[in-house]
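Text of start.txt (compact mmCIF, C-alpha atoms) as supplied:
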# COMPACT_ATOMS: atom_id res chain seq x y z
CA MET A 864 40.18 -4.02 -18.02
CA ARG A 865 38.13 -7.19 -18.41
CA SER A 866 36.46 -8.87 -15.48
CA ALA A 867 37.88 -12.16 -14.21
CA THR A 868 35.96 -15.29 -15.19
CA LEU A 869 34.51 -17.90 -12.88
CA ASP A 870 37.04 -20.43 -14.23
CA GLU A 871 39.89 -18.12 -13.21
CA VAL A 872 38.38 -17.75 -9.73
CA ALA A 873 38.14 -21.53 -9.40
CA ARG A 874 41.78 -22.04 -10.47
CA ALA A 875 43.00 -19.33 -8.08
CA ALA A 876 41.05 -20.87 -5.21
CA GLY A 877 42.12 -24.42 -6.06
CA VAL A 878 38.55 -25.70 -6.34
CA SER A 879 36.30 -26.96 -9.11
CA ARG A 880 34.24 -24.54 -11.19
CA ALA A 881 31.07 -26.07 -9.71
CA THR A 882 32.28 -25.36 -6.16
CA ALA A 883 33.18 -21.77 -7.06
CA SER A 884 29.74 -21.33 -8.63
CA ARG A 885 28.00 -22.61 -5.50
CA VAL A 886 29.89 -20.16 -3.29
CA VAL A 887 29.23 -17.19 -5.60
CA ASN A 888 25.51 -18.05 -5.75
CA GLY A 889 25.19 -18.30 -1.97
CA THR A 890 24.89 -22.07 -1.54
CA THR A 891 25.68 -23.01 2.06
CA THR A 892 26.67 -26.67 1.50
CA VAL A 893 30.35 -25.91 0.84
CA ARG A 894 33.28 -26.66 3.15
CA VAL A 895 34.45 -23.65 5.15
CA GLU A 896 38.02 -23.87 3.77
CA ALA A 897 36.80 -23.98 0.16
CA ARG A 898 34.36 -21.11 0.75
CA GLU A 899 37.08 -18.90 2.24
CA SER A 900 39.42 -19.65 -0.66
CA VAL A 901 36.75 -18.72 -3.21
CA VAL A 902 35.81 -15.52 -1.38
CA GLU A 903 39.49 -14.51 -1.23
CA ALA A 904 39.94 -15.22 -4.95
CA VAL A 905 36.81 -13.25 -5.83
CA GLU A 906 38.08 -10.21 -3.93
CA ARG A 907 41.65 -10.46 -5.27
CA LEU A 908 40.64 -10.92 -8.90
CA GLY A 909 37.71 -8.49 -8.79
CA TYR A 910 35.28 -11.08 -10.11
CA ILE A 911 31.81 -9.70 -11.01
CA PRO A 912 29.08 -12.37 -11.25
CA ASN A 913 27.14 -12.50 -14.50
CA ARG A 914 23.69 -11.83 -13.07
CA ALA A 915 22.03 -11.99 -16.47
CA ALA A 916 23.25 -15.55 -17.02
CA HIS A 917 22.30 -16.46 -13.47
CA ARG A 918 18.77 -15.16 -13.98
CA LEU A 919 18.51 -17.02 -17.27
CA ALA A 920 19.54 -20.26 -15.60
CA LYS A 921 16.94 -19.74 -12.88
CA ARG A 922 14.30 -18.67 -15.41
CA ARG A 923 13.85 -15.55 -13.30
CA SER A 924 14.09 -11.85 -14.11
CA ASP A 925 14.69 -10.77 -10.50
CA SER A 926 12.27 -7.91 -11.03
CA VAL A 927 8.65 -7.26 -10.08
CA GLY A 928 6.09 -5.10 -11.87
CA VAL A 929 4.24 -2.63 -9.64
CA VAL A 930 1.07 -1.45 -11.37
CA ILE A 931 -0.63 1.74 -10.16
CA ALA A 932 -3.73 2.57 -12.18
CA GLU A 933 -3.76 6.26 -11.24
CA THR A 934 -2.73 9.54 -12.83
CA THR A 935 0.74 10.91 -12.14
CA ALA A 936 -0.85 13.85 -10.32
CA ARG A 937 -2.57 11.51 -7.88
CA LEU A 938 0.56 9.39 -7.48
CA PHE A 939 2.77 12.32 -6.48
CA ASN A 940 0.21 14.22 -4.39
CA ASP A 941 -1.10 11.42 -2.18
CA PRO A 942 1.38 10.32 0.54
CA PHE A 943 -0.18 6.83 0.53
CA PHE A 944 1.62 5.97 -2.69
CA SER A 945 5.07 7.15 -1.58
CA GLU A 946 4.69 5.12 1.63
CA VAL A 947 3.56 1.90 -0.05
CA LEU A 948 6.27 2.24 -2.72
CA ARG A 949 8.87 2.76 -0.01
CA GLY A 950 7.78 -0.50 1.62
CA ILE A 951 7.71 -2.40 -1.69
CA SER A 952 11.13 -1.07 -2.68
CA ALA A 953 12.64 -2.03 0.69
CA GLY A 954 11.09 -5.50 0.52
CA LEU A 955 12.46 -6.10 -2.97
CA ALA A 956 15.90 -4.69 -2.13
CA ALA A 957 16.20 -7.21 0.70
CA HIS A 958 15.92 -9.91 -1.97
CA LYS A 959 18.18 -8.09 -4.47
CA MET A 960 15.25 -7.58 -6.82
CA GLN A 961 14.26 -4.60 -8.94
CA LEU A 962 11.00 -2.63 -9.06
CA ALA A 963 9.44 -1.78 -12.42
CA LEU A 964 6.81 0.95 -11.93
CA LEU A 965 3.99 0.70 -14.48
CA MET A 966 1.14 3.25 -14.80
CA PRO A 967 -1.28 2.44 -17.62
CA GLN A 968 -3.36 5.47 -18.60
CA SER A 969 -5.56 3.99 -21.33
CA GLU A 970 -7.11 0.73 -22.49
CA SER A 971 -4.44 0.32 -25.18
CA GLU A 972 -1.71 0.77 -22.56
CA GLU A 973 -3.41 -1.85 -20.38
CA ASN A 974 -3.36 -4.33 -23.28
CA LEU A 975 0.35 -3.74 -23.76
CA LEU A 976 0.83 -4.04 -20.00
CA GLU A 977 -0.82 -7.48 -19.94
CA GLN A 978 1.47 -8.68 -22.74
CA TYR A 979 4.51 -7.34 -20.88
CA LEU A 980 3.61 -8.89 -17.53
CA ALA A 981 2.70 -12.24 -19.05
CA GLY A 982 5.77 -12.27 -21.30
CA GLY A 983 8.34 -13.26 -18.68
CA HIS A 984 9.80 -9.78 -18.24
CA VAL A 985 8.98 -9.82 -14.51
CA ASP A 986 8.64 -12.58 -11.90
CA GLY A 987 5.25 -11.31 -10.74
CA ALA A 988 3.07 -8.25 -10.34
CA ILE A 989 1.79 -6.09 -7.48
CA PHE A 990 -1.35 -4.04 -8.16
CA VAL A 991 -2.06 -0.90 -6.12
CA SER A 992 -5.19 1.29 -6.04
CA LEU A 993 -7.65 -0.73 -8.08
CA HIS A 994 -11.02 0.75 -9.00
CA GLY A 995 -14.11 -1.40 -9.43
CA ASP A 996 -13.95 -4.78 -11.10
CA TYR A 997 -10.49 -4.39 -12.64
CA PRO A 998 -9.96 -7.67 -14.54
CA LEU A 999 -6.22 -7.69 -15.22
CA PRO A 1000 -4.98 -9.25 -11.93
CA GLU A 1001 -7.34 -12.21 -12.27
CA ARG A 1002 -6.48 -12.68 -15.97
CA LEU A 1003 -2.78 -12.77 -15.17
CA HIS A 1004 -3.35 -15.14 -12.26
CA ALA A 1005 -5.20 -17.49 -14.64
CA ARG A 1006 -2.21 -17.34 -17.00
CA GLY A 1007 0.15 -18.46 -14.23
CA VAL A 1008 1.65 -15.07 -13.40
CA PRO A 1009 2.10 -14.58 -9.62
CA VAL A 1010 -0.07 -11.63 -8.58
CA VAL A 1011 -0.91 -9.85 -5.34
CA VAL A 1012 -3.24 -6.88 -4.87
CA ALA A 1013 -3.00 -4.03 -2.36
CA GLY A 1014 -6.44 -3.93 -0.80
CA GLU A 1015 -9.17 -6.53 -0.80
CA PRO A 1016 -10.36 -7.18 -4.37
CA PRO A 1017 -14.07 -7.38 -5.26
CA ARG A 1018 -15.97 -10.32 -3.76
CA GLY A 1019 -15.42 -13.48 -5.76
CA SER A 1020 -12.00 -12.52 -7.09
CA ARG A 1021 -9.42 -15.26 -6.85
CA VAL A 1022 -6.21 -13.32 -6.30
CA SER A 1023 -4.02 -12.90 -3.24
CA TYR A 1024 -4.11 -9.59 -1.39
CA VAL A 1025 -2.79 -7.58 1.54
CA ASP A 1026 -5.04 -5.02 3.21
CA ASN A 1027 -5.42 -2.96 6.36
CA ASP A 1028 -8.43 -3.38 8.65
CA ASN A 1029 -10.46 -0.59 7.06
CA HIS A 1030 -13.74 -1.68 8.62
CA GLY A 1031 -12.35 -1.96 12.16
CA GLY A 1032 -10.48 1.32 11.83
CA ALA A 1033 -13.64 3.16 10.80
CA ILE A 1034 -15.56 1.70 13.74
CA ALA A 1035 -12.79 2.87 16.10
CA ALA A 1036 -12.94 6.39 14.61
CA VAL A 1037 -16.72 6.73 14.98
CA ASN A 1038 -16.69 5.20 18.47
CA HIS A 1039 -14.10 7.80 19.47
CA LEU A 1040 -16.39 10.59 18.26
CA LEU A 1041 -19.33 9.03 20.11
CA GLU A 1042 -17.27 8.86 23.29
CA LYS A 1043 -16.62 12.60 22.89
CA GLY A 1044 -20.37 13.16 23.04
CA ARG A 1045 -20.96 13.75 19.33
CA ARG A 1046 -24.25 12.49 17.94
CA THR A 1047 -24.69 14.18 14.54
CA ILE A 1048 -21.76 12.48 12.86
CA GLY A 1049 -21.23 12.87 9.14
CA VAL A 1050 -18.95 10.90 6.86
CA ILE A 1051 -16.91 11.87 3.81
CA ASN A 1052 -16.48 8.69 1.80
CA GLY A 1053 -13.81 7.79 -0.70
CA PRO A 1054 -14.78 6.43 -4.15
CA LEU A 1055 -17.06 3.53 -3.25
CA GLU A 1056 -15.98 1.40 -6.23
CA MET A 1057 -12.77 0.89 -4.22
CA THR A 1058 -13.07 -1.76 -1.53
CA ALA A 1059 -11.12 0.29 1.04
CA ALA A 1060 -13.60 3.16 0.76
CA ALA A 1061 -16.60 0.82 0.84
CA SER A 1062 -15.24 -0.96 3.95
CA ARG A 1063 -14.68 2.35 5.77
CA ARG A 1064 -18.22 3.46 4.96
CA LEU A 1065 -19.59 0.15 6.27
CA GLY A 1066 -17.58 0.61 9.48
CA TYR A 1067 -19.12 4.07 9.93
CA LEU A 1068 -22.64 2.69 9.46
CA ASP A 1069 -22.03 -0.30 11.74
CA ALA A 1070 -20.68 1.91 14.54
CA LEU A 1071 -23.78 4.12 14.39
CA ARG A 1072 -26.06 1.08 14.31
CA LEU A 1073 -24.36 -0.51 17.34
CA ALA A 1074 -24.74 2.81 19.20
CA GLY A 1075 -28.46 2.90 18.37
CA ILE A 1076 -28.15 5.99 16.17
CA PRO A 1077 -30.08 5.88 12.88
CA ALA A 1078 -28.02 6.50 9.76
CA ARG A 1079 -29.05 9.57 7.74
CA ALA A 1080 -28.39 9.80 4.02
CA GLU A 1081 -27.93 13.57 4.23
CA LEU A 1082 -24.95 13.03 6.57
CA GLU A 1083 -23.02 11.18 3.86
CA ALA A 1084 -20.98 12.94 1.21
CA GLY A 1085 -18.81 11.48 -1.52
CA GLY A 1086 -15.16 12.29 -2.05
CA ASP A 1087 -12.32 10.96 -4.17
CA PHE A 1088 -9.43 10.66 -1.67
CA SER A 1089 -8.15 14.09 -2.73
CA ARG A 1090 -7.89 17.38 -0.84
CA GLU A 1091 -10.25 19.07 -3.29
CA GLY A 1092 -12.75 16.21 -3.02
CA GLY A 1093 -12.76 16.51 0.77
CA ALA A 1094 -13.41 20.25 0.54
CA ARG A 1095 -16.34 19.77 -1.86
CA ALA A 1096 -17.85 17.09 0.35
CA MET A 1097 -17.52 19.21 3.50
CA ARG A 1098 -19.32 22.12 1.81
CA GLU A 1099 -22.15 19.73 0.89
CA LEU A 1100 -22.44 18.49 4.47
CA LEU A 1101 -22.58 22.00 5.92
CA GLN A 1102 -25.20 23.04 3.39
CA ARG A 1103 -27.43 20.01 4.02
CA CYS A 1104 -26.80 19.56 7.76
CA PRO A 1105 -25.42 22.71 9.39
CA GLU A 1106 -26.01 21.02 12.77
CA VAL A 1107 -23.30 18.40 12.08
CA ASP A 1108 -21.01 18.17 15.12
CA ALA A 1109 -18.45 15.61 13.90
CA VAL A 1110 -17.18 14.09 10.66
CA PHE A 1111 -15.35 10.86 9.96
CA VAL A 1112 -13.26 11.46 6.82
CA ALA A 1113 -12.06 8.40 4.92
CA SER A 1114 -8.57 9.80 4.18
CA ASP A 1115 -6.22 12.39 5.64
CA LEU A 1116 -5.97 14.34 2.39
CA MET A 1117 -9.75 14.73 2.27
CA ALA A 1118 -9.67 15.75 5.94
CA VAL A 1119 -7.25 18.56 5.07
CA GLY A 1120 -9.77 19.92 2.57
CA ALA A 1121 -12.59 19.52 5.10
CA LEU A 1122 -10.66 21.47 7.76
CA GLU A 1123 -10.05 24.33 5.32
CA VAL A 1124 -13.79 24.60 4.57
CA LEU A 1125 -14.70 24.53 8.25
CA ARG A 1126 -12.18 27.30 8.95
CA THR A 1127 -13.59 29.43 6.12
CA ALA A 1128 -17.13 28.83 7.42
CA GLY A 1129 -16.09 30.01 10.89
CA ARG A 1130 -16.72 26.60 12.49
CA SER A 1131 -14.33 25.90 15.36
CA VAL A 1132 -12.53 22.52 15.38
CA PRO A 1133 -13.04 20.60 17.60
CA ALA A 1134 -15.34 22.78 19.73
CA GLU A 1135 -18.14 22.86 17.13
CA VAL A 1136 -17.12 20.10 14.71
CA ALA A 1137 -14.76 17.25 15.57
CA ILE A 1138 -12.80 15.60 12.75
CA VAL A 1139 -11.12 12.19 12.41
CA GLY A 1140 -9.22 11.17 9.27
CA PHE A 1141 -7.83 7.88 8.04
CA ASP A 1142 -4.19 6.97 7.19
CA ASP A 1143 -2.23 8.82 9.90
CA SER A 1144 0.05 10.10 7.17
CA ALA A 1145 2.66 12.81 7.74
CA VAL A 1146 0.07 15.44 6.78
CA ALA A 1147 -1.89 14.68 9.99
CA LEU A 1148 0.73 16.53 12.01
CA THR A 1149 0.79 19.59 9.73
CA THR A 1150 -2.89 20.55 9.99
CA ASP A 1151 -4.27 23.16 12.38
CA PRO A 1152 -5.29 21.65 14.70
CA PRO A 1153 -3.32 18.38 14.38
CA LEU A 1154 -5.52 15.70 12.88
CA SER A 1155 -6.86 12.68 14.73
CA SER A 1156 -6.53 9.76 12.37
CA VAL A 1157 -6.71 6.00 11.99
CA ARG A 1158 -3.18 4.71 11.54
CA GLN A 1159 -2.69 2.10 8.86
CA SER A 1160 0.73 0.57 8.30
CA VAL A 1161 1.22 1.56 4.67
CA GLU A 1162 4.97 0.92 4.49
CA LEU A 1163 4.49 -2.43 6.24
CA MET A 1164 1.73 -3.14 3.73
CA GLY A 1165 4.28 -2.64 0.95
CA ARG A 1166 6.68 -5.08 2.55
CA GLU A 1167 3.91 -7.64 3.06
CA LEU A 1168 2.88 -7.32 -0.58
CA VAL A 1169 6.43 -8.33 -1.55
CA SER A 1170 6.46 -11.19 0.96
CA VAL A 1171 3.17 -12.63 -0.29
CA LEU A 1172 4.20 -12.26 -3.93
CA LEU A 1173 7.58 -13.93 -3.44
CA GLN A 1174 5.92 -16.84 -1.65
CA ALA A 1175 3.88 -17.41 -4.81
CA VAL A 1176 6.93 -16.91 -7.05
CA GLU A 1177 8.94 -19.52 -5.15
CA ALA A 1178 6.09 -22.00 -4.79
CA ARG A 1179 4.73 -21.54 -8.32
CA ASP A 1180 1.30 -22.44 -7.03
CA HIS A 1181 -2.24 -21.03 -7.19
CA VAL A 1182 -2.74 -20.81 -3.42
CA LEU A 1183 -4.70 -17.69 -2.40
CA ARG A 1184 -2.88 -15.77 0.32
CA ARG A 1185 -4.66 -13.11 2.37
CA VAL A 1186 -3.10 -10.78 4.95
CA ILE A 1187 -5.05 -8.21 7.02
CA LEU A 1188 -2.96 -5.69 8.99
CA ALA A 1189 -4.21 -4.06 12.18
CA THR A 1190 -5.20 -0.38 12.32
CA GLU A 1191 -5.07 1.94 15.33
CA LEU A 1192 -6.81 5.19 16.22
CA VAL A 1193 -4.40 8.05 16.99
CA PRO A 1194 -6.35 10.82 18.80
CA ARG A 1195 -5.16 14.41 18.44
CA GLN A 1196 -6.65 17.87 18.85
CA SER A 1197 -9.02 17.84 15.84
CA SER A 1198 -11.35 15.51 17.74
CA GLY A 1199 -10.61 16.85 21.21
CA GLY A 1200 -8.49 13.77 21.78
CA LEU A 1201 -5.51 15.60 23.31
CA PRO A 1202 -5.07 18.93 25.10
CA THR A 1203 -3.51 21.86 23.26
CA GLY A 1204 0.25 21.59 22.79
CA LYS A 1205 0.41 17.80 22.46
CA SER A 1206 0.53 15.67 19.31

Can you dump the structure from the file as structure tokens?
Amino acid sequence: MRSATLDEVARAAGVSRATASRVVNGTTTVRVEARESVVEAVERLGYIPNRAAHRLAKRRSDSVGVVIAETTARLFNDPFFSEVLRGISAGLAAHKMQLALLMPQSESEENLLEQYLAGGHVDGAIFVSLHGDYPLPERLHARGVPVVVAGEPPRGSRVSYVDNDNHGGAIAAVNHLLEKGRRTIGVINGPLEMTAAASRRLGYLDALRLAGIPARAELEAGGDFSREGGARAMRELLQRCPEVDAVFVASDLMAVGALEVLRTAGRSVPAEVAIVGFDDSAVALTTDPPLSSVRQSVELMGRELVSVLLQAVEARDHVLRRVILATELVPRQSSGGLPTGKS
């Protein structure tokens, strides 16, 4: 069976084709009687709008490219990505738009990606998990493609972004450990070419400085936002500074690895070493003991990325839009924040 045409809907409703088109496309400036007649005709005839023609008329694809420059292993093992994609997907669904997930794994794939994104196949692009001075967002922005980045881009970049308050969250984490009487506080950093990791490290250093505690290089260890990276970094800290009595870990996954190393080393948490992570992901409630963590609104971040991008798509301008979302410390047993039995 063929689908009814818009002309047939208009005839059945007793209105012009233009009026039927306005109702189908959601225009509100139509008389109530005419709108009801068109809606009734659409339902009776089973009319299916030609979305492809509608998109062509609008010069829109009704889809957005989401670029994640990470391996598939990292994408599926780190809960951050599932949360941010859930938020992006929900934000796009509210606008009846599609998500195109793009994961370039080589320079040649990135060149093809640039051609695809600039070729009108999507209305704009969201970039997640950028490392270092990644040039593609700024190049696309210069070519008139609406772009927004998850996380603050490197200083001097002229692209819109949405981020969480990484610096303030790190300060809150270290202050919490200080309030618990800890004074030899280590840090497990994420990859410092990423602005989120660099901001969390700066928050750690600023909190110590404001408390009058000198920073010590041997109390810093580098990780990569993975469970294995957190374990390696924790072993380094224990080897260099066995007297460490607390650690701020720049992600929950790394904190999981750190807790495993402390358990193997026979160090009681939090009695001997207090731990605070960052993300407040679902994994924070599965550790033993439950993990204190800095909550960042990752799903909300995804929705805000869509909101900022669609503002640029609609306006077709080069205005830089910046959104910083609040973070919040959630104390649990790993830092002595709550008594046993509570989460």

Find, counting all atoms listed in the file, the residue in A:Glu946, A:Glu1083, A:Glu1056, A:Asp941 that gets nearest to Arg1166 in chain A.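 The shortest atom-to-atom distance to Arg1166 in chain A comes from A:Glu946.
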
Between A:Gly1092, A:Pro1017, A:Gly1044, A:Gly1032, which residue has the minimum interatomic distance to Gly1199 in chain A, considering all atoms listed in the file?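 Ranked by minimum distance to Gly1199 in chain A, first place goes to A:Gly1044.
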
Using all atoms listed in the file, the residue out of A:Asp986, A:Glu1081, A:Glu933, A:Glu977 with shortest distance to Glu1001 in chain A is A:Glu977

Any idea what's packed within 8 Å of Gly1093 in chain A, counting all atoms listed in the file, ignoring anything in its chain fewer than 3 positions away? Could you give it as a PyMOL selection string? chain A and resi 1051+1086-1090+1096-1097+1112+1116-1121

Please identify all polymer residues within 6 Å of Ser926 in chain A, counting all atoms listed in the file, omitting same-chain residues fewer than 2 positions from it, and present them as an mmCIF file with C-alpha atoms, keeping the file's coordinate frame.
data_model
loop_
_atom_site.group_PDB
_atom_site.id
_atom_site.type_symbol
_atom_site.label_atom_id
_atom_site.label_comp_id
_atom_site.auth_asym_id
_atom_site.auth_seq_id
_atom_site.Cartn_x
_atom_site.Cartn_y
_atom_site.Cartn_z
ATOM 1 C CA SER A 924 14.090 -11.850 -14.110
ATOM 2 C CA MET A 960 15.250 -7.580 -6.820
ATOM 3 C CA GLN A 961 14.260 -4.600 -8.940
ATOM 4 C CA LEU A 962 11.000 -2.630 -9.060
ATOM 5 C CA VAL A 985 8.980 -9.820 -14.510
ATOM 6 C CA ASP A 986 8.640 -12.580 -11.900
#

Return the single residue from A:Phe939, A:Val872, A:Arg1018, A:Leu1055 that is closest to Glu906 in chain A, with distances computed using all atoms listed in the file.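 That would be A:Val872, the residue with the smallest distance to Glu906 in chain A.
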
Looking at A:Ser1198, A:Asn1038, A:Ser1023, A:Thr1127, which one is nearest to Leu1173 in chain A, with distances taken over only C-alpha atoms?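 Counting only C-alpha atoms, the residue closest to Leu1173 in chain A is A:Ser1023.
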
For a test of reading the model, state the distance in Å between CA of Pro1105 in chain A and CA of Pro1194 in chain A, rounded to one decimal.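 A separation of 24.4 Å between them.
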
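Taking CA of Ala1005 in chain A and CA of Phe943 in chain A as endpoints, the distance between them is 29.1 Å.
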
Using all atoms listed in the file, which of A:Ala875, A:Ala1145, A:Val1186, A:Leu1172 sits nearest Ala988 in chain A? A:Leu1172

Quick one: range 1107-1183 of chain A with C-alpha atoms, as a compact mmCIF listing (two decimals), in the first residue's frame?
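Listing of part_13.txt after writing:
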# COMPACT_ATOMS: atom_id res chain seq x y z
CA VAL A 1107 51.10 8.59 52.48
CA ASP A 1108 47.86 8.82 54.47
CA ALA A 1109 45.43 9.98 51.76
CA VAL A 1110 45.15 10.10 47.97
CA PHE A 1111 43.03 12.23 45.69
CA VAL A 1112 42.45 10.18 42.52
CA ALA A 1113 41.38 12.06 39.40
CA SER A 1114 38.82 9.44 38.27
CA ASP A 1115 36.74 6.69 39.84
CA LEU A 1116 38.16 4.00 37.57
CA MET A 1117 41.70 4.86 38.65
CA ALA A 1118 40.50 4.87 42.27
CA VAL A 1119 39.27 1.28 41.83
CA GLY A 1120 42.77 0.25 40.79
CA ALA A 1121 44.29 2.20 43.68
CA LEU A 1122 42.00 0.48 46.21
CA GLU A 1123 43.00 -2.95 44.88
CA VAL A 1124 46.70 -2.14 45.35
CA LEU A 1125 46.14 -0.83 48.87
CA ARG A 1126 44.24 -3.99 49.78
CA THR A 1127 47.04 -6.19 48.40
CA ALA A 1128 49.61 -4.13 50.33
CA GLY A 1129 47.66 -4.64 53.56
CA ARG A 1130 46.86 -0.93 53.94
CA SER A 1131 43.49 -0.35 55.59
CA VAL A 1132 41.10 2.13 53.90
CA PRO A 1133 40.31 4.62 55.34
CA ALA A 1134 42.08 3.96 58.65
CA GLU A 1135 45.58 4.14 57.14
CA VAL A 1136 44.94 5.67 53.72
CA ALA A 1137 41.86 7.70 52.81
CA ILE A 1138 40.76 7.81 49.16
CA VAL A 1139 38.61 10.25 47.17
CA GLY A 1140 37.83 9.74 43.48
CA PHE A 1141 36.29 11.94 40.83
CA ASP A 1142 33.13 11.33 38.73
CA ASP A 1143 30.77 9.71 41.26
CA SER A 1144 30.01 7.07 38.65
CA ALA A 1145 28.06 3.90 39.41
CA VAL A 1146 31.33 2.12 40.21
CA ALA A 1147 31.75 4.30 43.34
CA LEU A 1148 29.05 2.27 45.08
CA THR A 1149 30.53 -1.11 44.12
CA THR A 1150 33.97 -0.69 45.72
CA ASP A 1151 34.91 -1.98 49.16
CA PRO A 1152 34.63 0.34 50.98
CA PRO A 1153 32.23 2.56 48.97
CA LEU A 1154 34.18 5.33 47.29
CA SER A 1155 34.02 9.00 48.24
CA SER A 1156 33.94 10.92 44.99
CA VAL A 1157 33.40 14.29 43.36
CA ARG A 1158 30.09 14.17 41.52
CA GLN A 1159 30.06 15.68 38.06
CA SER A 1160 26.84 15.79 36.07
CA VAL A 1161 27.97 13.78 33.05
CA GLU A 1162 24.51 13.07 31.61
CA LEU A 1163 23.55 16.72 32.12
CA MET A 1164 26.80 17.63 30.39
CA GLY A 1165 25.65 15.60 27.38
CA ARG A 1166 22.34 17.44 27.27
CA GLU A 1167 24.07 20.81 27.58
CA LEU A 1168 26.42 19.92 24.73
CA VAL A 1169 23.36 19.41 22.52
CA SER A 1170 21.76 22.64 23.74
CA VAL A 1171 24.86 24.71 23.01
CA LEU A 1172 25.36 23.09 19.61
CA LEU A 1173 21.76 23.61 18.52
CA GLN A 1174 21.94 27.27 19.53
CA ALA A 1175 24.83 27.64 17.08
CA VAL A 1176 23.01 25.59 14.41
CA GLU A 1177 19.92 27.78 14.62
CA ALA A 1178 21.79 31.07 14.84
CA ARG A 1179 24.43 30.18 12.24
CA ASP A 1180 26.84 32.48 14.02
CA HIS A 1181 30.41 32.33 15.37
CA VAL A 1182 29.51 33.28 18.94
CA LEU A 1183 31.60 31.37 21.51
